[in-house]
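Student: Structure incoming, see below.
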Amino acid sequence: MAKFLSPRLKLKMMKRYILDENHKPILLPHTNTGSKAWRNQMDKWSKFHESKERIVKRENVGPYNLSTVFLGLDLSFTEHETPILFESMLFFSDKKHKVKDMRRYSTWEEAEAGHAEMKASILLHMAKVN
């Protein structure tokens, strides 16, 4: 029988990352929840997560907002997969941030390329419509 974890417990168990000065992910060490080391780790991760250093690129493209960021959490499905740490999201500018498209990546370089690809696709679509 499968054991289901609460979203709160899953969040506690997720691997947390920050980026170094070359945009390479650094896995923060796992520590016991509630310990001083864990609180220090969470402070470090939270401060980085709130910084602009995690933004790969954000821009308006026609009627859309395109945002690519470092998530700081591994969103891969299993421990054996390459960590999924970056995400591009395309929102309608005037529709209360309704998501039109989303893509995820493992590296900063993949995220930059994916962002550029999404932008090119939007511009091509807009040119065809006009």
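FYI, nothing fancy with the structure tokens labels: chains A, B, ... in order, residues from 1 per chain, ligands from 1 as they appear.
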Any idea what's packed within 12 Å of Lys119 in chain A, counting only C-alpha atoms, ignoring anything in its chain fewer than 4 positions away? Could you give it as a count of residues only?
Tutor: 24
Student: Neighbouring residues of Ser51 in chain A were defined as those with any atom within 12 Å, considering only C-alpha atoms; residues of the same chain fewer than 3 positions away were excluded. Please report them as a CSV table (one decimal) with all heavy atoms, in the first residue's frame.
Tutor:
```
chain,number,residue,atom,x,y,z
A,18,ILE,N,21.0,26.5,-3.5
A,18,ILE,CA,21.2,27.9,-3.8
A,18,ILE,C,22.2,27.9,-5.0
A,18,ILE,O,22.6,26.8,-5.5
A,18,ILE,CB,21.8,28.7,-2.6
A,18,ILE,CG1,23.2,28.0,-2.2
A,18,ILE,CG2,20.8,28.7,-1.5
A,18,ILE,CD1,23.9,28.8,-1.1
A,19,LEU,N,22.5,29.0,-5.6
A,19,LEU,CA,23.4,29.1,-6.7
A,19,LEU,C,24.7,29.8,-6.3
A,19,LEU,O,24.7,30.7,-5.5
A,19,LEU,CB,22.8,30.0,-7.8
A,19,LEU,CG,21.6,29.4,-8.5
A,19,LEU,CD1,21.0,30.4,-9.5
A,19,LEU,CD2,21.9,28.1,-9.3
A,44,LYS,N,19.5,30.7,5.3
A,44,LYS,CA,20.4,30.9,4.1
A,44,LYS,C,19.6,30.7,2.8
A,44,LYS,O,19.6,31.5,1.9
A,44,LYS,CB,21.5,29.9,4.2
A,44,LYS,CG,22.5,30.1,3.1
A,44,LYS,CD,23.7,29.1,3.3
A,44,LYS,CE,24.8,29.4,2.2
A,44,LYS,NZ,26.0,28.6,2.5
A,45,TRP,N,18.8,29.6,2.8
A,45,TRP,CA,18.0,29.3,1.6
A,45,TRP,C,16.9,30.3,1.4
A,45,TRP,O,16.7,30.8,0.2
A,45,TRP,CB,17.3,27.9,1.7
A,45,TRP,CG,16.5,27.5,0.6
A,45,TRP,CD1,17.0,26.9,-0.6
A,45,TRP,CD2,15.1,27.6,0.4
A,45,TRP,NE1,16.0,26.7,-1.5
A,45,TRP,CE2,14.8,27.1,-0.9
A,45,TRP,CE3,14.1,28.1,1.2
A,45,TRP,CZ2,13.5,27.1,-1.4
A,45,TRP,CZ3,12.8,28.0,0.7
A,45,TRP,CH2,12.5,27.5,-0.6
A,46,SER,N,16.2,30.8,2.4
A,46,SER,CA,15.2,31.8,2.3
A,46,SER,C,15.7,33.1,1.8
A,46,SER,O,15.1,33.7,1.0
A,46,SER,CB,14.5,32.0,3.7
A,46,SER,OG,13.8,30.8,4.1
A,47,LYS,N,16.9,33.5,2.3
A,47,LYS,CA,17.5,34.8,1.9
A,47,LYS,C,17.8,34.7,0.4
A,47,LYS,O,17.6,35.7,-0.3
A,47,LYS,CB,18.7,35.1,2.8
A,47,LYS,CG,18.3,35.6,4.1
A,47,LYS,CD,19.5,35.9,5.0
A,47,LYS,CE,19.1,36.2,6.4
A,47,LYS,NZ,20.2,36.3,7.4
A,48,PHE,N,18.4,33.6,0.0
A,48,PHE,CA,18.8,33.5,-1.4
A,48,PHE,C,17.5,33.4,-2.3
A,48,PHE,O,17.4,34.1,-3.3
A,48,PHE,CB,19.6,32.2,-1.7
A,48,PHE,CG,20.0,32.1,-3.1
A,48,PHE,CD1,21.1,32.8,-3.5
A,48,PHE,CD2,19.3,31.4,-4.0
A,48,PHE,CE1,21.5,32.7,-4.9
A,48,PHE,CE2,19.6,31.4,-5.3
A,48,PHE,CZ,20.8,32.0,-5.8
A,54,ARG,N,18.3,34.9,-8.2
A,54,ARG,CA,17.6,33.7,-8.7
A,54,ARG,C,16.8,33.9,-10.0
A,54,ARG,O,16.4,33.0,-10.6
A,54,ARG,CB,16.6,33.1,-7.6
A,54,ARG,CG,15.5,34.0,-7.3
A,54,ARG,CD,14.7,33.5,-6.1
A,54,ARG,NE,13.8,32.4,-6.5
A,54,ARG,CZ,12.6,32.6,-7.0
A,54,ARG,NH1,12.0,33.8,-7.2
A,54,ARG,NH2,11.8,31.5,-7.3
A,55,ILE,N,16.8,35.1,-10.4
A,55,ILE,CA,16.1,35.5,-11.7
A,55,ILE,C,17.0,35.2,-12.9
A,55,ILE,O,18.0,35.9,-13.0
A,55,ILE,CB,15.5,36.9,-11.7
A,55,ILE,CG1,14.5,37.1,-10.5
A,55,ILE,CG2,14.9,37.2,-13.0
A,55,ILE,CD1,14.2,38.5,-10.2
A,56,VAL,N,16.6,34.3,-13.7
A,56,VAL,CA,17.3,34.1,-15.0
A,56,VAL,C,17.0,35.3,-15.9
A,56,VAL,O,17.8,36.0,-16.5
A,56,VAL,CB,17.0,32.8,-15.6
A,56,VAL,CG1,17.8,32.6,-16.9
A,56,VAL,CG2,17.4,31.6,-14.6
A,69,VAL,N,13.1,31.5,-13.7
A,69,VAL,CA,13.7,31.7,-12.4
A,69,VAL,C,14.3,30.3,-11.9
A,69,VAL,O,13.9,29.3,-12.3
A,69,VAL,CB,12.7,32.2,-11.3
A,69,VAL,CG1,12.2,33.6,-11.7
A,69,VAL,CG2,11.6,31.2,-11.1
A,70,PHE,N,15.3,30.5,-11.0
A,70,PHE,CA,15.8,29.3,-10.2
A,70,PHE,C,14.8,29.1,-9.1
A,70,PHE,O,14.5,30.0,-8.3
A,70,PHE,CB,17.2,29.7,-9.7
A,70,PHE,CG,17.8,28.7,-8.8
A,70,PHE,CD1,18.3,27.5,-9.3
A,70,PHE,CD2,17.9,29.0,-7.4
A,70,PHE,CE1,18.8,26.6,-8.4
A,70,PHE,CE2,18.5,28.0,-6.6
A,70,PHE,CZ,18.9,26.8,-7.1
A,71,LEU,N,14.4,27.8,-8.9
A,71,LEU,CA,13.4,27.5,-7.9
A,71,LEU,C,13.9,27.3,-6.6
A,71,LEU,O,13.3,27.5,-5.5
A,71,LEU,CB,12.6,26.3,-8.4
A,71,LEU,CG,11.8,26.4,-9.7
A,71,LEU,CD1,11.3,25.1,-10.1
A,71,LEU,CD2,10.7,27.4,-9.5
A,72,GLY,N,15.2,26.7,-6.5
A,72,GLY,CA,15.8,26.4,-5.2
A,72,GLY,C,15.3,25.1,-4.6
A,72,GLY,O,15.8,24.7,-3.6
```
Student: Go through A:Glu79, A:Asp43, A:Glu117, A:Glu53 and flag the residue nearest Lys15 in chain A, using only C-alpha atoms for the distances.
Tutor: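 Nearest to Lys15 in chain A: A:Glu79.
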Student: Just give me the gap between CA of Pro25 in chain A and CA of Leu85 in chain A in Å, one decimal is fine.
Tutor: 8.3 Å
Student: Nearest residue to Leu28 in chain A out of A:Ala127, A:Tyr105, A:Lys52, A:Leu73, using only C-alpha atoms?
Tutor: A:Leu73
Student: Please measure the separation of CA of Trp108 in chain A and CA of Glu87 in chain A, giving the value in Å to one decimal.
Tutor: 9.9 Å
Student: Please, which residues of chain A, numbered as in this document, come out alpha helix (DSSP H) from DSSP, as a ChimeraX atom specification?
Tutor: /A:7-13,36-49,108-129
Student: For the atom pair CA of Phe86 in chain A and CA of Thr107 in chain A, what is the interatomic distance in Å to one decimal place?
Tutor: 6.9 Å
Student: Name the residues of range 14-100 of chain A that fall into strand (DSSP E) according to DSSP on the backbone, using the chain letters and numbers of this document, as a PyMOL selection string.
Tutor: chain A and resi 17-19+25-27+55-61+64-70+86-92+99-100
Student: Give me the residues within 9 Å of Asp74 in chain A as a ChimeraX atom specification, counting only C-alpha atoms and dropping any in the same chain fewer than 6 places off.
Tutor: /A:14-17,82-86,106
Student: Restricting it to all heavy atoms, dump the selection as a PDB file, in the first residue's frame.
Tutor:
```pdb
ATOM      1  N   MET A  14      12.185  17.988   0.785  1.00  0.00           N
ATOM      2  CA  MET A  14      12.736  18.359  -0.515  1.00  0.00           C
ATOM      3  C   MET A  14      14.171  18.839  -0.384  1.00  0.00           C
ATOM      4  O   MET A  14      14.533  19.485   0.587  1.00  0.00           O
ATOM      5  CB  MET A  14      11.898  19.461  -1.160  1.00  0.00           C
ATOM      6  CG  MET A  14      10.574  18.998  -1.669  1.00  0.00           C
ATOM      7  SD  MET A  14       9.697  20.342  -2.482  1.00  0.00           S
ATOM      8  CE  MET A  14       9.783  19.759  -4.155  1.00  0.00           C
ATOM      9  N   LYS A  15      14.942  18.544  -1.400  1.00  0.00           N
ATOM     10  CA  LYS A  15      16.317  19.026  -1.442  1.00  0.00           C
ATOM     11  C   LYS A  15      16.303  20.508  -1.805  1.00  0.00           C
ATOM     12  O   LYS A  15      15.636  20.914  -2.752  1.00  0.00           O
ATOM     13  CB  LYS A  15      17.115  18.241  -2.469  1.00  0.00           C
ATOM     14  CG  LYS A  15      17.294  16.789  -2.088  1.00  0.00           C
ATOM     15  CD  LYS A  15      18.052  16.053  -3.164  1.00  0.00           C
ATOM     16  CE  LYS A  15      18.196  14.596  -2.794  1.00  0.00           C
ATOM     17  NZ  LYS A  15      18.852  13.825  -3.863  1.00  0.00           N
ATOM     18  N   ARG A  16      17.055  21.286  -1.048  1.00  0.00           N
ATOM     19  CA  ARG A  16      17.124  22.728  -1.274  1.00  0.00           C
ATOM     20  C   ARG A  16      18.489  23.097  -1.847  1.00  0.00           C
ATOM     21  O   ARG A  16      19.501  22.565  -1.422  1.00  0.00           O
ATOM     22  CB  ARG A  16      16.876  23.468   0.034  1.00  0.00           C
ATOM     23  CG  ARG A  16      15.449  23.366   0.492  1.00  0.00           C
ATOM     24  CD  ARG A  16      15.271  24.037   1.849  1.00  0.00           C
ATOM     25  NE  ARG A  16      13.889  24.019   2.242  1.00  0.00           N
ATOM     26  CZ  ARG A  16      13.266  22.954   2.738  1.00  0.00           C
ATOM     27  NH1 ARG A  16      13.914  21.826   2.886  1.00  0.00           N
ATOM     28  NH2 ARG A  16      11.997  23.015   3.074  1.00  0.00           N
ATOM     29  N   TYR A  17      18.447  24.046  -2.778  1.00  0.00           N
ATOM     30  CA  TYR A  17      19.662  24.482  -3.459  1.00  0.00           C
ATOM     31  C   TYR A  17      19.748  26.004  -3.432  1.00  0.00           C
ATOM     32  O   TYR A  17      18.736  26.697  -3.366  1.00  0.00           O
ATOM     33  CB  TYR A  17      19.638  24.055  -4.931  1.00  0.00           C
ATOM     34  CG  TYR A  17      19.715  22.579  -5.174  1.00  0.00           C
ATOM     35  CD1 TYR A  17      18.604  21.761  -5.027  1.00  0.00           C
ATOM     36  CD2 TYR A  17      20.911  21.997  -5.581  1.00  0.00           C
ATOM     37  CE1 TYR A  17      18.672  20.399  -5.271  1.00  0.00           C
ATOM     38  CE2 TYR A  17      20.986  20.634  -5.835  1.00  0.00           C
ATOM     39  CZ  TYR A  17      19.866  19.836  -5.681  1.00  0.00           C
ATOM     40  OH  TYR A  17      19.942  18.493  -5.924  1.00  0.00           O
ATOM     41  N   THR A  82      17.951  13.685 -12.833  1.00  0.00           N
ATOM     42  CA  THR A  82      18.682  14.938 -12.736  1.00  0.00           C
ATOM     43  C   THR A  82      17.772  15.959 -12.067  1.00  0.00           C
ATOM     44  O   THR A  82      16.593  16.042 -12.410  1.00  0.00           O
ATOM     45  CB  THR A  82      19.074  15.427 -14.147  1.00  0.00           C
ATOM     46  OG1 THR A  82      19.844  14.410 -14.782  1.00  0.00           O
ATOM     47  CG2 THR A  82      19.866  16.710 -14.090  1.00  0.00           C
ATOM     48  N   PRO A  83      18.289  16.719 -11.104  1.00  0.00           N
ATOM     49  CA  PRO A  83      17.431  17.704 -10.420  1.00  0.00           C
ATOM     50  C   PRO A  83      16.805  18.701 -11.397  1.00  0.00           C
ATOM     51  O   PRO A  83      17.455  19.157 -12.336  1.00  0.00           O
ATOM     52  CB  PRO A  83      18.387  18.419  -9.466  1.00  0.00           C
ATOM     53  CG  PRO A  83      19.523  17.472  -9.276  1.00  0.00           C
ATOM     54  CD  PRO A  83      19.644  16.715 -10.563  1.00  0.00           C
ATOM     55  N   ILE A  84      15.556  19.013 -11.177  1.00  0.00           N
ATOM     56  CA  ILE A  84      14.836  20.039 -11.936  1.00  0.00           C
ATOM     57  C   ILE A  84      14.778  21.263 -11.031  1.00  0.00           C
ATOM     58  O   ILE A  84      14.095  21.249 -10.006  1.00  0.00           O
ATOM     59  CB  ILE A  84      13.418  19.575 -12.313  1.00  0.00           C
ATOM     60  CG1 ILE A  84      13.461  18.272 -13.115  1.00  0.00           C
ATOM     61  CG2 ILE A  84      12.654  20.673 -13.046  1.00  0.00           C
ATOM     62  CD1 ILE A  84      14.137  18.377 -14.459  1.00  0.00           C
ATOM     63  N   LEU A  85      15.510  22.315 -11.404  1.00  0.00           N
ATOM     64  CA  LEU A  85      15.720  23.447 -10.494  1.00  0.00           C
ATOM     65  C   LEU A  85      15.283  24.795 -11.045  1.00  0.00           C
ATOM     66  O   LEU A  85      15.279  25.784 -10.305  1.00  0.00           O
ATOM     67  CB  LEU A  85      17.206  23.520 -10.113  1.00  0.00           C
ATOM     68  CG  LEU A  85      17.784  22.266  -9.469  1.00  0.00           C
ATOM     69  CD1 LEU A  85      19.304  22.376  -9.370  1.00  0.00           C
ATOM     70  CD2 LEU A  85      17.167  22.037  -8.104  1.00  0.00           C
ATOM     71  N   PHE A  86      14.946  24.870 -12.325  1.00  0.00           N
ATOM     72  CA  PHE A  86      14.590  26.135 -12.968  1.00  0.00           C
ATOM     73  C   PHE A  86      13.231  25.995 -13.638  1.00  0.00           C
ATOM     74  O   PHE A  86      12.839  24.902 -14.045  1.00  0.00           O
ATOM     75  CB  PHE A  86      15.638  26.512 -14.019  1.00  0.00           C
ATOM     76  CG  PHE A  86      17.004  26.753 -13.466  1.00  0.00           C
ATOM     77  CD1 PHE A  86      17.877  25.703 -13.244  1.00  0.00           C
ATOM     78  CD2 PHE A  86      17.426  28.037 -13.162  1.00  0.00           C
ATOM     79  CE1 PHE A  86      19.149  25.920 -12.731  1.00  0.00           C
ATOM     80  CE2 PHE A  86      18.688  28.273 -12.653  1.00  0.00           C
ATOM     81  CZ  PHE A  86      19.537  27.198 -12.439  1.00  0.00           C
ATOM     82  N   SER A 106      17.147  21.856 -15.781  1.00  0.00           N
ATOM     83  CA  SER A 106      18.096  21.440 -14.753  1.00  0.00           C
ATOM     84  C   SER A 106      19.221  22.434 -14.520  1.00  0.00           C
ATOM     85  O   SER A 106      19.766  22.492 -13.420  1.00  0.00           O
ATOM     86  CB  SER A 106      18.711  20.085 -15.129  1.00  0.00           C
ATOM     87  OG  SER A 106      17.710  19.097 -15.130  1.00  0.00           O
TER      88      SER A 106
END
```
